[in-house]
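One structure below.
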Amino acid sequence: TNIYTKKIDLSTANGSSPQGSLVVYNSKMYGMTRNGGINNSGVIFEWDPATNIYTKKIDLNESNGRGPNGYFVVHNNKMYGMTAAGGGSIIGVGAIFEWDPAINKYTRKFNFSTPNGRYPYGSFVVYNNKMYGTTNSGGVGGSGVIFEWDPAINIYTKKIDLIDGAYPYGSLVVYNNKMYGVTSSGGLNTEGVIFEWDPATNIYTKKIDLSAANGSSPRGSLVVYNNKMYGMTLNGGLNSVGVIFEWNPATNIYTKKIDLSTANGSLPYGNLVVYNNKMYGMTSEGGLNSVGVIFEWDPATNIYTKKIDLSTANGNSPWGSLFVYNSKMYGMAKDGGLNNRGVIFEWDPATNTYLKRSDFNLSNGDNPRGDLIAVPAPVAKGTPPACEVLPTITIDNTNNNVWVPILDGKGDIAAEIKANGNNLGNVSTSLFTKTGSCREDYLNRLYLNRNIAITPQTQPASNVDVRLYIRKSELDTIRTALNSLGQPSGVASINEIDVFKNNDACLTVGNATASPLTATNGAYGVDYYLQINTGSFSSFYFANKALTVILPVQLFSFSGKHESNANLLQWNATCYANTEFSLQRSANGNDFVNVGKVNGTATDVNRNFEFRDHNAGENRWYYRLLITETGNPEKLSQTIILSGKNANDLFIEVLPNLVNNGMASINISSARPGQTRLILMDMQGKLLNEQYLNTQPGLNKTIMDLNRYSNGIYQIVVQLEGGSRAVCKFIKQD
């Protein structure tokens, strides 16, 4: 539609002239301005694209750092950036800072200096948990440095004094374990260079000397696409107003692709961004109003298209870059808008609709410059312990060859689908998560506390790619978990995890047998994703890749009650093969004998089974099931206890009855669930300790620490809500 709409007019009172850039975090956007705020030194701000509410968070100042140009990086849920001035001295030359958005705490971490590098105009790149960047000047030759900063120990190390290549403005980019960048000056022609730096060996190599004919003085950064690198220069080229270029690091071949022009956009300061196999960018001048444009460039066809002519009213002269969020692009203009202090804008490449969303002003920050970057949304937490229905997405001809995110209501990510040309229609998703102990299947094999069910309107005709996201805390749980037999999961890292698929709907536990899909994995901030290639959708679970299948026969409940002439044992299970349930009984909880058998088949789904023990009499008995499923090892159920005199009575025992290690193992058995009060008393009836447990039908186990009590005889009273009560005496003797 080519519709341009001003959304927010900035003002002197509320912030102006933003020079920082935006990141997306927890579904809101954060950025910095170079000027404005109480001290006219710039601000950190939050902007909510859903509500269009702008909030100034931090006023920068001379002491803590002022005048930022770059963007935030997010590391361990905190944000890090650099200022180009200020910081700990009368005339500061920049600072490194940390900002915690959760508590709005700003901390200056390091002051730049002339010997070690000053005036950083770019941003950090995170590599191996350290941060790397460049400064525009300073160092031995005064032409800038490459540096490393370790946020864990706050140590700054100058790595390279720039000599063959000078005055970088952009940021480094990581490719094949090396870092690449551009400088605005220096080199053979004094027009700037492309360089490579190896952090492992600290070797700097000039790769390309830029020139006036082919493009000079780049102010942005490189972007990697299809194993090549792309960028823009501020000057040079046929019209002396900049170019778009391609550089192949494998062959070291530099190719000028587009000569920018006054008519179609000139003098770009930012970076290109890749979206749908095309590249997008902005210029600071040129176009219909001579104040910049938004453009599209197709590297496959080398076709350049001006998409939007910027204007003074709606934001002009951008010095930054676009970034993609939810299939739209966002950016900031340095000038223009209601207060001529700059704007935040939104542009939809699908409809070519431009919306001005927020106006900066002097009070809340002004004059944004620098690069824009999208920081991925956090991994969705879910709503434990339940299945959460996520917003529906649509995959059709407009997006069936790109990664389409599946987000929760807060904008946090659960999955992504690249449909590889398949039109899936409306795609519905449900996410289950839980906290606490790790889940295990009926063979005591542990699986992750997360599963996701994806249902497309139309199943794909050919394989699609899917990324499924998991949280570090969930991986840590299975990595350290022991099953009910005390056995470990066998998972040491993300590399031992595979995706398992079955035909479940979203369930709290796996139901149908889940077969493994070979998955690749990757880091996602502190979290992870697993990527699979599949021909259909249903439910996906996560477990040790050493397993062949997970989730065989499922026993959902096992309980019993005393009748007038028998003990009735009842259970509910789903079988996936012929299964034999052997009822076993014991008088002491240790020596069991078979008292009957019940058979199941692969057609039994959530079937209720029962068996009556007519020889139980009025005694108290322990019962359990020995389950034998064809093709799987034998498995024992939990143990329950039935009393012939009162089926609702609680039973409690302390093991061993002579406690000599300070820790008492307590078994509680009940025929019904409820909240249970556990009371420790001495023989005079004095209350020493109490705990509350949510007990289930059958055998429940807990531990009580007795180390602070002297040797002697004690009693434990257990009382189930509703009145049932049981008492057990034991001796503590160290």
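Here's how to read the names in the structure tokens: chain A, B, ... by the order shown, residue numbers from 1 in each chain, ligand numbers from 1 in the order shown.
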
Any idea what's packed within 7 Å of Ala481 (chain A), counting only C-alpha atoms, ignoring anything in its chain fewer than 5 positions away? Could you give it as a list in words? Cys438, Pro488 and Ser489 of chain A

I need the residues in region 315-422 of chain A that are strand (DSSP E) according to DSSP; give them as a PyMOL selection string. chain A and resi 323-325+328-333+343-348+353-359+386-395+403-407+413-418

Residues at most 8 Å from Ser430 (chain A), counting only C-alpha atoms, excluding those fewer than 5 positions away in the same chain, as a PyMOL selection string? chain A and resi 387-390+452-454+506

Selected residue of minimal separation from Ser113 (chain A) among A:Tyr576, A:Tyr156, A:Phe537, A:Tyr230, counting only C-alpha atoms: A:Tyr156
